[in-house]
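Below is input-v6.txt, which holds compact mmCIF, C-alpha atoms.
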# COMPACT_ATOMS: atom_id res chain seq x y z
CA MET A 1 -26.11 20.34 -49.60
CA SER A 2 -22.79 21.70 -48.51
CA HIS A 3 -21.04 22.97 -45.44
CA ASP A 4 -17.55 24.19 -44.73
CA SER A 5 -15.74 20.90 -45.23
CA THR A 6 -17.52 19.47 -48.25
CA ALA A 7 -17.68 20.50 -51.86
CA ALA A 8 -20.93 22.02 -53.09
CA PRO A 9 -22.88 19.96 -55.60
CA GLU A 10 -22.90 21.07 -59.18
CA ALA A 11 -26.18 22.88 -59.64
CA ALA A 12 -27.88 23.05 -62.99
CA ALA A 13 -26.72 26.23 -64.70
CA ARG A 14 -29.36 28.96 -64.67
CA LYS A 15 -29.02 31.62 -67.29
CA LEU A 16 -28.98 35.21 -66.09
CA SER A 17 -31.32 37.61 -67.81
CA GLY A 18 -29.64 40.04 -70.18
CA ARG A 19 -29.61 42.99 -67.79
CA ARG A 20 -27.99 41.09 -64.89
CA ARG A 21 -24.23 40.69 -64.49
CA LYS A 22 -22.48 37.84 -62.68
CA GLU A 23 -19.87 40.13 -61.13
CA ILE A 24 -22.47 42.45 -59.57
CA VAL A 25 -23.47 41.67 -55.97
CA ALA A 26 -26.42 43.45 -54.38
CA VAL A 27 -26.65 43.54 -50.58
CA LEU A 28 -30.15 44.15 -49.24
CA LEU A 29 -30.25 46.07 -45.95
CA PHE A 30 -33.16 46.63 -43.57
CA SER A 31 -33.65 48.85 -40.57
CA GLY A 32 -32.95 47.11 -37.26
CA GLY A 33 -30.40 44.73 -38.77
CA PRO A 34 -27.21 43.78 -36.87
CA ILE A 35 -24.22 45.69 -38.18
CA PHE A 36 -21.78 42.75 -37.98
CA GLU A 37 -23.75 40.49 -40.32
CA SER A 38 -24.52 43.46 -42.58
CA SER A 39 -20.86 44.37 -42.87
CA ILE A 40 -19.66 40.89 -43.91
CA PRO A 41 -20.79 40.94 -47.57
CA LEU A 42 -19.88 44.63 -47.80
CA SER A 43 -16.31 43.79 -46.81
CA VAL A 44 -15.99 40.63 -48.89
CA PHE A 45 -17.54 41.95 -52.11
CA GLY A 46 -17.11 45.72 -51.77
CA ILE A 47 -13.37 46.23 -51.32
CA ASP A 48 -10.92 46.10 -54.21
CA ARG A 49 -8.24 43.56 -53.29
CA GLN A 50 -6.96 42.78 -56.77
CA ASP A 51 -3.44 43.53 -55.56
CA ALA A 52 -3.73 40.45 -53.33
CA GLY A 53 -5.04 38.22 -56.11
CA VAL A 54 -8.72 38.55 -55.21
CA PRO A 55 -11.00 39.07 -58.23
CA ARG A 56 -13.09 42.21 -58.00
CA TYR A 57 -16.86 42.26 -57.59
CA ARG A 58 -19.05 45.28 -58.11
CA LEU A 59 -21.12 46.00 -54.99
CA LEU A 60 -24.59 47.56 -54.89
CA VAL A 61 -25.84 48.42 -51.39
CA CYS A 62 -29.63 48.51 -51.53
CA ALA A 63 -32.25 49.62 -49.01
CA GLY A 64 -34.95 47.00 -48.60
CA GLU A 65 -37.36 49.62 -47.25
CA GLU A 66 -37.69 53.36 -46.79
CA GLY A 67 -34.79 54.90 -44.88
CA PRO A 68 -33.01 56.01 -42.93
CA LEU A 69 -31.95 52.55 -41.77
CA ARG A 70 -30.88 52.11 -38.15
CA THR A 71 -28.71 49.22 -37.00
CA THR A 72 -29.08 47.36 -33.72
CA GLY A 73 -26.42 49.63 -32.24
CA GLY A 74 -28.37 52.76 -33.14
CA LEU A 75 -26.20 53.77 -36.09
CA GLU A 76 -28.07 55.43 -38.92
CA LEU A 77 -27.33 54.26 -42.46
CA THR A 78 -28.26 55.64 -45.85
CA ALA A 79 -28.07 53.04 -48.62
CA PRO A 80 -27.01 54.53 -51.96
CA GLN A 81 -29.39 52.27 -53.92
CA GLY A 82 -32.99 51.15 -53.66
CA LEU A 83 -34.74 47.91 -54.60
CA GLU A 84 -34.63 48.81 -58.29
CA ALA A 85 -30.84 48.28 -58.32
CA ILE A 86 -31.30 44.57 -57.57
CA SER A 87 -32.41 44.13 -61.18
CA ARG A 88 -28.74 44.39 -62.27
CA ALA A 89 -27.27 41.89 -59.81
CA GLY A 90 -26.23 38.32 -60.48
CA THR A 91 -26.02 37.67 -56.71
CA VAL A 92 -28.35 39.11 -54.09
CA VAL A 93 -27.37 38.85 -50.41
CA VAL A 94 -29.74 39.32 -47.47
CA PRO A 95 -27.29 39.54 -44.53
CA ALA A 96 -29.88 39.54 -41.74
CA TRP A 97 -33.47 40.28 -40.81
CA ARG A 98 -34.42 42.35 -37.78
CA SER A 99 -37.02 40.03 -36.28
CA ILE A 100 -37.86 36.37 -36.86
CA THR A 101 -41.42 37.10 -35.77
CA SER A 102 -42.27 39.94 -38.18
CA PRO A 103 -42.87 39.67 -41.94
CA PRO A 104 -40.42 41.35 -44.34
CA PRO A 105 -41.68 44.13 -46.64
CA VAL A 106 -43.74 42.83 -49.56
CA GLU A 107 -41.79 44.95 -52.05
CA ALA A 108 -38.49 43.37 -50.99
CA LEU A 109 -39.93 39.86 -51.26
CA ASP A 110 -41.20 40.63 -54.77
CA ALA A 111 -37.76 41.92 -55.77
CA LEU A 112 -36.11 38.73 -54.49
CA ARG A 113 -38.56 36.51 -56.37
CA ARG A 114 -37.97 38.43 -59.61
CA ALA A 115 -34.20 38.20 -59.15
CA HIS A 116 -34.42 34.45 -58.64
CA GLU A 117 -36.71 33.98 -61.63
CA GLU A 118 -34.19 35.88 -63.75
CA GLY A 119 -31.35 33.56 -62.74
CA ALA A 120 -29.74 35.48 -59.88
CA ARG A 121 -28.10 33.61 -57.01
CA ILE A 122 -29.90 34.42 -53.73
CA VAL A 123 -28.02 34.29 -50.43
CA GLY A 124 -29.37 34.52 -46.87
CA LEU A 125 -26.92 34.98 -43.99
CA CYS A 126 -28.09 34.01 -40.50
CA THR A 127 -31.67 35.34 -40.03
CA GLY A 128 -31.65 36.42 -43.67
CA ALA A 129 -32.91 32.87 -44.26
CA PHE A 130 -36.26 33.99 -42.84
CA VAL A 131 -36.57 36.57 -45.63
CA LEU A 132 -35.78 33.94 -48.27
CA ALA A 133 -38.31 31.60 -46.69
CA ALA A 134 -40.97 34.32 -46.61
CA ALA A 135 -40.36 34.85 -50.33
CA GLY A 136 -40.96 31.13 -50.93
CA LEU A 137 -37.42 30.62 -52.22
CA LEU A 138 -36.62 27.88 -49.69
CA ASP A 139 -39.71 25.74 -50.29
CA GLY A 140 -38.67 22.12 -50.73
CA ARG A 141 -35.00 23.03 -50.31
CA PRO A 142 -32.34 22.33 -47.68
CA ALA A 143 -31.36 25.38 -45.66
CA THR A 144 -29.78 26.45 -42.39
CA THR A 145 -29.71 29.43 -40.06
CA HIS A 146 -28.35 30.17 -36.59
CA TRP A 147 -28.95 27.09 -34.44
CA MET A 148 -30.99 29.18 -31.98
CA TYR A 149 -33.51 30.12 -34.67
CA ALA A 150 -33.55 26.84 -36.61
CA PRO A 151 -36.53 25.33 -34.72
CA THR A 152 -38.57 28.49 -35.38
CA LEU A 153 -37.67 28.46 -39.07
CA ALA A 154 -38.64 24.80 -39.34
CA LYS A 155 -41.93 25.32 -37.53
CA ARG A 156 -42.95 28.47 -39.38
CA TYR A 157 -41.97 27.14 -42.81
CA PRO A 158 -42.55 23.36 -42.69
CA SER A 159 -41.77 22.93 -46.40
CA VAL A 160 -38.16 24.04 -45.77
CA HIS A 161 -35.70 21.24 -44.93
CA VAL A 162 -33.90 22.96 -42.06
CA ASP A 163 -30.59 21.45 -40.98
CA PRO A 164 -29.31 23.26 -37.87
CA ARG A 165 -26.00 21.34 -37.96
CA GLU A 166 -24.48 23.04 -40.98
CA LEU A 167 -22.36 26.19 -41.12
CA PHE A 168 -23.83 26.86 -44.55
CA VAL A 169 -25.89 25.14 -47.18
CA ASP A 170 -25.33 25.57 -50.93
CA ASP A 171 -28.34 24.46 -52.95
CA GLY A 172 -27.06 25.87 -56.21
CA ASP A 173 -28.95 29.12 -56.81
CA VAL A 174 -30.09 29.56 -53.19
CA LEU A 175 -27.59 29.57 -50.31
CA THR A 176 -27.99 30.04 -46.56
CA SER A 177 -25.62 30.25 -43.60
CA ALA A 178 -25.62 29.97 -39.83
CA GLY A 179 -24.93 32.90 -37.52
CA THR A 180 -22.38 35.69 -37.76
CA ALA A 181 -18.96 34.11 -38.51
CA ALA A 182 -20.61 31.46 -40.70
CA GLY A 183 -21.56 34.34 -43.00
CA ILE A 184 -17.84 34.76 -43.69
CA ASP A 185 -17.59 31.02 -44.41
CA LEU A 186 -20.38 31.25 -46.98
CA CYS A 187 -19.02 34.40 -48.64
CA LEU A 188 -15.62 32.72 -48.97
CA HIS A 189 -17.38 29.69 -50.44
CA ILE A 190 -19.02 31.93 -53.04
CA VAL A 191 -15.65 33.40 -54.02
CA ARG A 192 -14.24 29.85 -54.17
CA THR A 193 -17.12 28.73 -56.38
CA ASP A 194 -16.72 31.72 -58.71
CA HIS A 195 -12.93 31.97 -58.90
CA GLY A 196 -11.33 28.90 -57.32
CA ASN A 197 -9.42 27.94 -54.19
CA GLU A 198 -6.51 30.30 -54.79
CA ALA A 199 -8.72 33.39 -54.89
CA ALA A 200 -10.65 32.29 -51.79
CA GLY A 201 -7.40 31.55 -49.98
CA ALA A 202 -6.01 34.98 -50.86
CA LEU A 203 -9.15 36.64 -49.53
CA ALA A 204 -9.06 34.54 -46.34
CA ARG A 205 -5.49 35.67 -45.70
CA ARG A 206 -6.50 39.31 -46.06
CA LEU A 207 -9.42 38.78 -43.67
CA VAL A 208 -7.17 36.75 -41.31
CA VAL A 209 -9.62 33.85 -41.18
CA PRO A 210 -9.26 30.18 -42.14
CA PRO A 211 -10.19 29.48 -45.77
CA ARG A 212 -12.32 26.55 -44.58
CA ARG A 213 -13.53 25.72 -41.10
CA SER A 214 -14.08 22.08 -40.19
CA GLY A 215 -17.18 20.83 -38.44
CA GLY A 216 -20.63 22.32 -38.18
CA GLN A 217 -22.85 24.01 -35.61
CA GLU A 218 -23.18 20.91 -33.40
CA ARG A 219 -20.39 22.05 -31.11
CA TYR A 220 -22.15 25.31 -30.35
CA LEU A 221 -25.69 24.04 -29.91
CA ASP A 222 -27.60 24.90 -26.78
CA ARG A 223 -29.58 21.68 -26.46
CA SER A 224 -32.92 23.41 -25.96
CA LEU A 225 -36.28 23.10 -27.64
CA PRO A 226 -38.67 25.95 -28.43
CA GLU A 227 -40.81 27.39 -25.63
CA GLU A 228 -43.94 26.20 -27.45
CA ILE A 229 -43.25 22.54 -26.69
CA GLY A 230 -44.07 23.17 -23.03
CA ALA A 231 -47.77 23.36 -23.89
CA ASP A 232 -47.66 20.46 -26.33
CA PRO A 233 -48.58 16.84 -25.44
CA LEU A 234 -45.12 15.78 -26.63
CA ALA A 235 -43.61 17.61 -23.63
CA GLU A 236 -44.59 14.66 -21.42
CA VAL A 237 -42.83 12.22 -23.73
CA VAL A 238 -39.73 14.42 -23.85
CA ALA A 239 -39.67 14.68 -20.04
CA TRP A 240 -40.02 10.89 -19.71
CA ALA A 241 -37.16 10.32 -22.15
CA LEU A 242 -34.88 12.69 -20.23
CA GLU A 243 -35.67 10.94 -16.95
CA HIS A 244 -34.93 7.49 -18.41
CA LEU A 245 -31.79 8.11 -20.44
CA HIS A 246 -30.07 5.39 -18.42
CA GLU A 247 -32.42 2.83 -20.00
CA GLN A 248 -32.21 1.41 -23.51
CA PHE A 249 -35.21 2.52 -25.54
CA ASP A 250 -35.76 3.71 -29.07
CA VAL A 251 -37.91 6.20 -30.96
CA GLU A 252 -40.59 3.54 -31.41
CA THR A 253 -40.93 3.51 -27.62
CA LEU A 254 -41.41 7.28 -27.56
CA ALA A 255 -43.95 7.12 -30.38
CA ALA A 256 -45.91 4.48 -28.46
CA ARG A 257 -45.93 6.65 -25.35
CA ALA A 258 -47.31 9.51 -27.45
CA TYR A 259 -49.96 7.13 -28.91
CA MET A 260 -48.72 7.85 -32.41
CA SER A 261 -47.30 5.87 -35.27
CA ARG A 262 -43.56 6.23 -35.78
CA ARG A 263 -44.12 8.23 -38.94
CA THR A 264 -46.60 10.63 -37.30
CA PHE A 265 -44.37 11.00 -34.24
CA ASP A 266 -41.35 11.84 -36.42
CA ARG A 267 -43.31 14.44 -38.33
CA ARG A 268 -44.83 15.99 -35.20
CA PHE A 269 -41.50 16.07 -33.35
CA ARG A 270 -39.73 17.65 -36.32
CA SER A 271 -42.45 20.28 -36.77
CA LEU A 272 -41.98 21.34 -33.14
CA THR A 273 -38.21 21.21 -32.93
CA GLY A 274 -36.75 21.31 -36.42
CA SER A 275 -34.88 18.06 -35.73
CA ALA A 276 -35.46 14.33 -35.95
CA PRO A 277 -36.32 12.49 -32.71
CA LEU A 278 -33.53 9.95 -33.19
CA GLN A 279 -31.00 12.74 -33.50
CA TRP A 280 -32.38 14.52 -30.45
CA LEU A 281 -32.19 11.30 -28.45
CA ILE A 282 -28.56 10.67 -29.42
CA THR A 283 -27.55 14.20 -28.48
CA GLN A 284 -29.25 13.90 -25.09
CA ARG A 285 -27.33 10.71 -24.35
CA VAL A 286 -24.05 12.36 -25.36
CA LEU A 287 -24.88 15.39 -23.21
CA GLN A 288 -25.59 13.10 -20.24
CA ALA A 289 -22.26 11.36 -20.89
CA GLN A 290 -20.53 14.75 -20.73
CA ARG A 291 -22.09 15.43 -17.34
CA LEU A 292 -21.01 12.06 -15.95
CA LEU A 293 -17.48 12.41 -17.31
CA GLU A 294 -17.25 15.80 -15.62
CA THR A 295 -18.89 14.99 -12.28
CA SER A 296 -18.10 11.32 -11.57
CA ASP A 297 -15.33 8.75 -11.56
CA TYR A 298 -17.29 6.18 -13.54
CA SER A 299 -15.27 4.41 -16.20
CA VAL A 300 -16.14 5.06 -19.84
CA ASP A 301 -17.82 1.64 -19.96
CA GLU A 302 -19.96 2.54 -16.95
CA VAL A 303 -20.81 5.94 -18.43
CA ALA A 304 -21.99 4.25 -21.62
CA GLY A 305 -24.33 1.99 -19.66
CA ARG A 306 -25.68 4.85 -17.54
CA CYS A 307 -26.48 6.86 -20.67
CA GLY A 308 -28.40 4.10 -22.43
CA PHE A 309 -25.82 3.25 -25.08
CA ARG A 310 -25.69 -0.40 -26.02
CA SER A 311 -21.90 -0.46 -25.77
CA PRO A 312 -18.88 1.76 -25.05
CA VAL A 313 -18.15 1.63 -28.78
CA ALA A 314 -21.47 3.32 -29.48
CA LEU A 315 -20.73 6.03 -26.92
CA ARG A 316 -17.25 6.68 -28.31
CA GLY A 317 -18.55 6.91 -31.89
CA HIS A 318 -21.33 9.37 -31.14
CA PHE A 319 -19.20 11.36 -28.69
CA ARG A 320 -16.44 11.85 -31.22
CA ARG A 321 -18.87 12.72 -34.02
CA GLN A 322 -20.57 15.40 -31.95
CA LEU A 323 -17.65 16.82 -29.96
CA GLY A 324 -14.55 15.87 -31.94
CA SER A 325 -12.99 14.09 -28.97
CA SER A 326 -12.95 10.72 -27.28
CA PRO A 327 -14.69 10.49 -23.86
CA ALA A 328 -11.35 9.82 -22.13
CA ALA A 329 -9.66 12.83 -23.75
CA TYR A 330 -12.65 15.01 -22.92
CA ARG A 331 -12.51 14.04 -19.23
CA ALA A 332 -8.73 14.53 -19.06
CA ALA A 333 -8.91 18.00 -20.60
CA TYR A 334 -11.85 18.96 -18.41
CA ARG A 335 -10.08 17.94 -15.22
CA ALA A 336 -6.85 19.61 -16.27
CA ARG A 337 -8.70 22.91 -16.36
CA ARG A 338 -10.49 22.42 -13.03
CA PRO A 339 -9.02 23.31 -9.60
CA GLN A 340 -8.35 20.20 -7.52
CA ALA A 341 -11.17 21.06 -5.08
CA GLU A 342 -13.76 21.08 -7.85
CA ARG A 343 -12.94 17.62 -9.21
CA PRO A 344 -15.09 14.56 -8.53
CA GLY A 345 -14.46 13.02 -5.14
CA ASP A 346 -13.64 16.34 -3.45
CA GLY A 347 -16.00 18.50 -1.43
CA ASP A 348 -19.50 17.93 -2.72
CA GLY A 349 -18.41 15.22 -5.14
CA GLY A 350 -18.09 17.62 -8.02
CA LEU A 351 -21.83 18.15 -8.30
CA GLY A 352 -21.52 21.80 -7.37
CA ALA A 353 -18.62 22.46 -9.70
CA PRO A 354 -19.13 24.77 -12.67
CA LEU A 355 -19.87 22.75 -15.75
CA GLY A 356 -18.06 24.68 -18.44
CA ALA A 357 -16.50 22.69 -21.27
CA PRO A 358 -12.76 22.58 -21.88
CA SER A 359 -11.32 24.78 -24.58
CA GLY A 360 -8.10 22.96 -25.30
CA LEU A 361 -8.44 19.26 -25.86
CA PRO A 362 -5.51 17.17 -27.03
CA SER A 363 -5.03 16.23 -30.65
CA ASP A 364 -8.70 15.24 -31.00
CA GLY A 365 -9.52 18.93 -31.37
CA PRO A 366 -11.26 21.59 -29.28
CA VAL A 367 -14.63 21.37 -27.65
CA PRO A 368 -16.20 24.85 -27.48
CA HIS A 369 -18.55 25.83 -24.68
CA GLN A 370 -21.59 23.60 -24.33
CA SER A 371 -24.70 24.36 -22.32
CA ARG A 372 -24.90 22.21 -19.21
CA ARG A 373 -28.41 23.25 -18.21
CA ALA A 374 -30.40 20.31 -16.88
CA ALA A 375 -32.78 19.67 -19.72
CA ALA A 376 -35.28 17.71 -17.66
CA SER A 377 -35.67 20.60 -15.23
CA ALA A 378 -35.95 23.04 -18.10
CA VAL A 379 -38.76 21.07 -19.72
CA GLY A 380 -40.71 21.14 -16.48
CA SER A 381 -40.17 24.84 -15.75
CA SER A 382 -39.91 26.71 -19.01
CA GLY A 383 -40.80 24.27 -21.75
CA HIS A 384 -37.20 23.76 -22.82
CA ALA A 385 -35.45 20.51 -23.40
CA ALA A 386 -32.88 19.78 -26.11
CA ARG A 387 -31.94 19.78 -29.78
CA GLU A 388 -31.19 16.83 -32.07
CA GLY A 389 -29.87 13.68 -30.84
CA ALA A 390 -30.01 10.77 -28.24
CA ALA A 391 -29.54 7.19 -28.75
CA ALA A 392 -31.58 4.40 -30.09
CA GLY A 393 -31.89 1.16 -28.22
CA PRO A 394 -32.51 -2.26 -29.70
CA GLY A 395 -34.84 -2.40 -32.64
CA ALA A 396 -34.61 1.27 -33.60
CA ASP A 397 -36.06 1.99 -37.01
CA HIS A 398 -33.03 3.76 -38.45
CA GLY A 399 -34.02 3.18 -42.02
CA ARG A 400 -36.75 5.77 -41.92
CA ASP A 401 -34.68 8.54 -40.38
CA PRO A 402 -33.95 11.14 -43.07
CA TYR A 403 -30.73 12.30 -41.44
CA LEU A 404 -29.02 9.03 -42.29
CA ALA A 405 -29.01 10.05 -45.94
CA THR A 406 -26.87 13.13 -45.25
CA GLY A 407 -23.76 11.11 -44.48
CA ARG A 408 -23.29 12.97 -41.20
CA LEU A 409 -24.37 9.93 -39.22
CA GLN A 410 -22.83 7.12 -41.18
CA GLY A 411 -22.49 4.06 -39.07
CA LEU A 412 -25.43 5.03 -36.87
CA GLN A 413 -27.29 1.81 -37.50
CA ASN A 414 -24.48 -0.30 -36.06
CA ALA A 415 -23.30 2.15 -33.43
CA THR A 416 -26.34 2.37 -31.18
Once more with this new file: its structure as structure tokens, please.
Amino acid sequence: MSHDSTAAPEAAARKLSGRRRKEIVAVLLFSGGPIFESSIPLSVFGIDRQDAGVPRYRLLVCAGEEGPLRTTGGLELTAPQGLEAISRAGTVVVPAWRSITSPPPVEALDALRRAHEEGARIVGLCTGAFVLAAAGLLDGRPATTHWMYAPTLAKRYPSVHVDPRELFVDDGDVLTSAGTAAGIDLCLHIVRTDHGNEAAGALARRLVVPPRRSGGQERYLDRSLPEEIGADPLAEVVAWALEHLHEQFDVETLAARAYMSRRTFDRRFRSLTGSAPLQWLITQRVLQAQRLLETSDYSVDEVAGRCGFRSPVALRGHFRRQLGSSPAAYRAAYRARRPQAERPGDGDGGLGAPLGAPSGLPSDGPVPHQSRRAAASAVGSSGHAAREGAAAGPGADHGRDPYLATGRLQGLQNAT
């Protein structure tokens, strides 16, 4: 598995069938697709930039269904090729799918399966992952998509190992990316894989984008769960957890409240949300810490205790991993961007102040906008709650949490 700051694993070489060519990239378009995502592979693989040191690809733009194709903005497109052209491509890109609730055309799914069987590299950008999943190409594989759709992908296709934290995932012959700009990250990664860092860097300069972006989707996550959880028995457990974040408890405690074994609880929680309960719990505690840092004068040590962390060290570790900043730096940057009257201790004590995140932290790095919606209220009113993360108390069974194996949460066992 790979994202923007790690090298992709070496996948076992798959031999292309005789009629397919490595340098040919087919882009599969559907009616109702967003034009931005659709244009990314067209720009990356369809423009001759050999003068800038970028190797040339041959682009085939293919209609995935009968035309004319209309984009989300109402533009009408006519693709020069049909599904038959995919048979010549060594890489097939599905830049987006119009609806995560409707099935893709059977003919397009058959063409993707044939391409994969004949050794082609299959790429899904953003909601294009739903097309790959519908074709069965993501079964048993790691994958990602836009964080907003990751829970739905995980629930609809339980055999897919959805990781909503990554900007993109490279599983060798099948690759997926998160939303919009992450499609550029993945296309640059493909050029880097095919032709090296220098070629990818040259292309990035022409596109005026960074050759590699650090971090993942965590910074952009709206900590909400799917609507469906509101009608599920687990909603009560989630609501209880959100109301007791100031206490030290672990996932075993939540499983007991749901009258389930830890293993069953993990599986049920993941099927509903696309994330592990331990990860969700940690994120909720970090989110609560953000609120307290913004709206109170509690010290960092006091904030740690009021968010259920066993120690300030645990808070600092998880806070930095998720937001790229220390709690103290986060508070300082937040207050620097707030008018004096909106700071804690003035007026209504800061509780009525807007809760937008700072955009210019010190050397720790930026913290993009985070949702500050009260998750507990959301669970009660609309069935929402939060994504991965919130902390384990004493006795947490970290060893069984699959996310520990990814390396993204190294040190978790000792930190909480």
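By chain and then residue number, the residues within 12 Å of Arg56 (chain A) are A:Lys22, A:Glu23, A:Ile24, A:Val25, A:Ser43, A:Val44, A:Phe45, A:Gly46, A:Ile47, A:Asp48, A:Arg49, A:Gln50, A:Asp51, A:Val191, A:Asp194, A:His195, A:Ala199, A:Ala200, A:Leu203, counting all atoms listed in the file and disregarding those fewer than 5 positions away in sequence.
Take CA of Gln284 (chain A) and CA of Ala239 (chain A): the distance between them is 11.6 Å.
One finds CA of Leu28 (chain A) at 17.0 Å from CA of Gly136 (chain A).
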Contacts of region 126-239 of chain A with region 98-102 of chain A up to 12 Å, shortest pair per row, all atoms listed in the file, as CSV:
residue,atom,partner,partner_atom,distance
A:Cys126,CA,A:Ile100,CA,10.7
A:Thr127,CA,A:Ile100,CA,7.0
A:Gly128,CA,A:Arg98,CA,8.8
A:Ala129,CA,A:Ile100,CA,9.6
A:Phe130,CA,A:Ile100,CA,6.6
A:Val131,CA,A:Ile100,CA,8.9
A:Leu132,CA,A:Ile100,CA,11.8
A:Ala133,CA,A:Ile100,CA,10.9
A:Ala134,CA,A:Ser102,CA,10.2
A:Thr145,CA,A:Ile100,CA,11.2
A:His146,CA,A:Ile100,CA,11.4
A:Met148,CA,A:Ile100,CA,11.1
A:Tyr149,CA,A:Ile100,CA,7.9
A:Ala150,CA,A:Ile100,CA,10.5
A:Pro151,CA,A:Ile100,CA,11.3
A:Thr152,CA,A:Ile100,CA,8.0
A:Leu153,CA,A:Ile100,CA,8.2
A:Ala154,CA,A:Ile100,CA,11.9
A:Lys155,CA,A:Ile100,CA,11.8
A:Arg156,CA,A:Thr101,CA,9.5
A:Tyr157,CA,A:Ile100,CA,11.7
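For the atom pair formed by CA of Thr72 (chain A) and CA of Thr144 (chain A), the distance is 22.6 Å, given to one decimal.
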Can you report as JSON the centre and edge lengths in Å, to one decimal, of an axis-aligned box around the listed atoms of region 135-138 of chain A padded with 5 Å on each side?
{"center_x": -38.8, "center_y": 31.4, "center_z": -51.0, "size_x": 14.3, "size_y": 17.0, "size_z": 12.5}
Notebook entry, point to check: Which residue gives the smallest distance to Gly119 (chain A) among A:Val174, A:Glu84, A:Ala143, A:Glu107, with only C-alpha atoms counted?
Noted result: A:Val174
Next item on the list: Quick one: residues within 12 Å of (-41.9, 6.8, -30.7) (file frame), counting only C-alpha atoms, please, as an NGL selection string.
Entry: :A and (234 or 237-238 or 240-241 or 249-269 or 276-278 or 281 or 392-393 or 395-397)
Polymer residues at most 7 Å from Ser159 (chain A), all atoms listed in the file, same-chain spacing of 2 or more positions, as a PDB file with C-alpha atoms, in the frame of the given file:
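The new file part_25.pdb reads:
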ATOM      1  CA  ASP A 139     -39.710  25.740 -50.290  1.00  0.00           C
ATOM      2  CA  GLY A 140     -38.670  22.120 -50.730  1.00  0.00           C
ATOM      3  CA  TYR A 157     -41.970  27.140 -42.810  1.00  0.00           C
ATOM      4  CA  HIS A 161     -35.700  21.240 -44.930  1.00  0.00           C
TER       5      HIS A 161
END
Would you mind writing region 107-118 of chain A with N, CA and C atoms, as a PDB file, in the coordinates of the input?
ATOM      1  N   GLU A 107     -42.553  44.489 -50.887  1.00  0.00           N
ATOM      2  CA  GLU A 107     -41.790  44.950 -52.050  1.00  0.00           C
ATOM      3  C   GLU A 107     -40.422  44.244 -52.136  1.00  0.00           C
ATOM      4  N   ALA A 108     -39.793  44.059 -50.997  1.00  0.00           N
ATOM      5  CA  ALA A 108     -38.490  43.370 -50.990  1.00  0.00           C
ATOM      6  C   ALA A 108     -38.646  41.915 -51.381  1.00  0.00           C
ATOM      7  N   LEU A 109     -39.698  41.261 -50.905  1.00  0.00           N
ATOM      8  CA  LEU A 109     -39.930  39.860 -51.260  1.00  0.00           C
ATOM      9  C   LEU A 109     -40.188  39.729 -52.754  1.00  0.00           C
ATOM     10  N   ASP A 110     -40.947  40.655 -53.320  1.00  0.00           N
ATOM     11  CA  ASP A 110     -41.200  40.630 -54.770  1.00  0.00           C
ATOM     12  C   ASP A 110     -39.907  40.792 -55.553  1.00  0.00           C
ATOM     13  N   ALA A 111     -39.032  41.691 -55.078  1.00  0.00           N
ATOM     14  CA  ALA A 111     -37.760  41.920 -55.770  1.00  0.00           C
ATOM     15  C   ALA A 111     -36.882  40.668 -55.721  1.00  0.00           C
ATOM     16  N   LEU A 112     -36.895  39.959 -54.602  1.00  0.00           N
ATOM     17  CA  LEU A 112     -36.110  38.730 -54.490  1.00  0.00           C
ATOM     18  C   LEU A 112     -36.660  37.634 -55.415  1.00  0.00           C
ATOM     19  N   ARG A 113     -37.964  37.514 -55.479  1.00  0.00           N
ATOM     20  CA  ARG A 113     -38.560  36.510 -56.370  1.00  0.00           C
ATOM     21  C   ARG A 113     -38.215  36.801 -57.820  1.00  0.00           C
ATOM     22  N   ARG A 114     -38.306  38.066 -58.225  1.00  0.00           N
ATOM     23  CA  ARG A 114     -37.970  38.430 -59.610  1.00  0.00           C
ATOM     24  C   ARG A 114     -36.506  38.120 -59.903  1.00  0.00           C
ATOM     25  N   ALA A 115     -35.629  38.454 -58.946  1.00  0.00           N
ATOM     26  CA  ALA A 115     -34.200  38.200 -59.150  1.00  0.00           C
ATOM     27  C   ALA A 115     -33.949  36.705 -59.342  1.00  0.00           C
ATOM     28  N   HIS A 116     -34.595  35.894 -58.524  1.00  0.00           N
ATOM     29  CA  HIS A 116     -34.420  34.450 -58.640  1.00  0.00           C
ATOM     30  C   HIS A 116     -34.962  33.931 -59.959  1.00  0.00           C
ATOM     31  N   GLU A 117     -36.121  34.414 -60.358  1.00  0.00           N
ATOM     32  CA  GLU A 117     -36.710  33.980 -61.630  1.00  0.00           C
ATOM     33  C   GLU A 117     -35.829  34.354 -62.814  1.00  0.00           C
ATOM     34  N   GLU A 118     -35.068  35.430 -62.660  1.00  0.00           N
ATOM     35  CA  GLU A 118     -34.190  35.880 -63.750  1.00  0.00           C
ATOM     36  C   GLU A 118     -32.783  35.325 -63.627  1.00  0.00           C
TER      37      GLU A 118
END
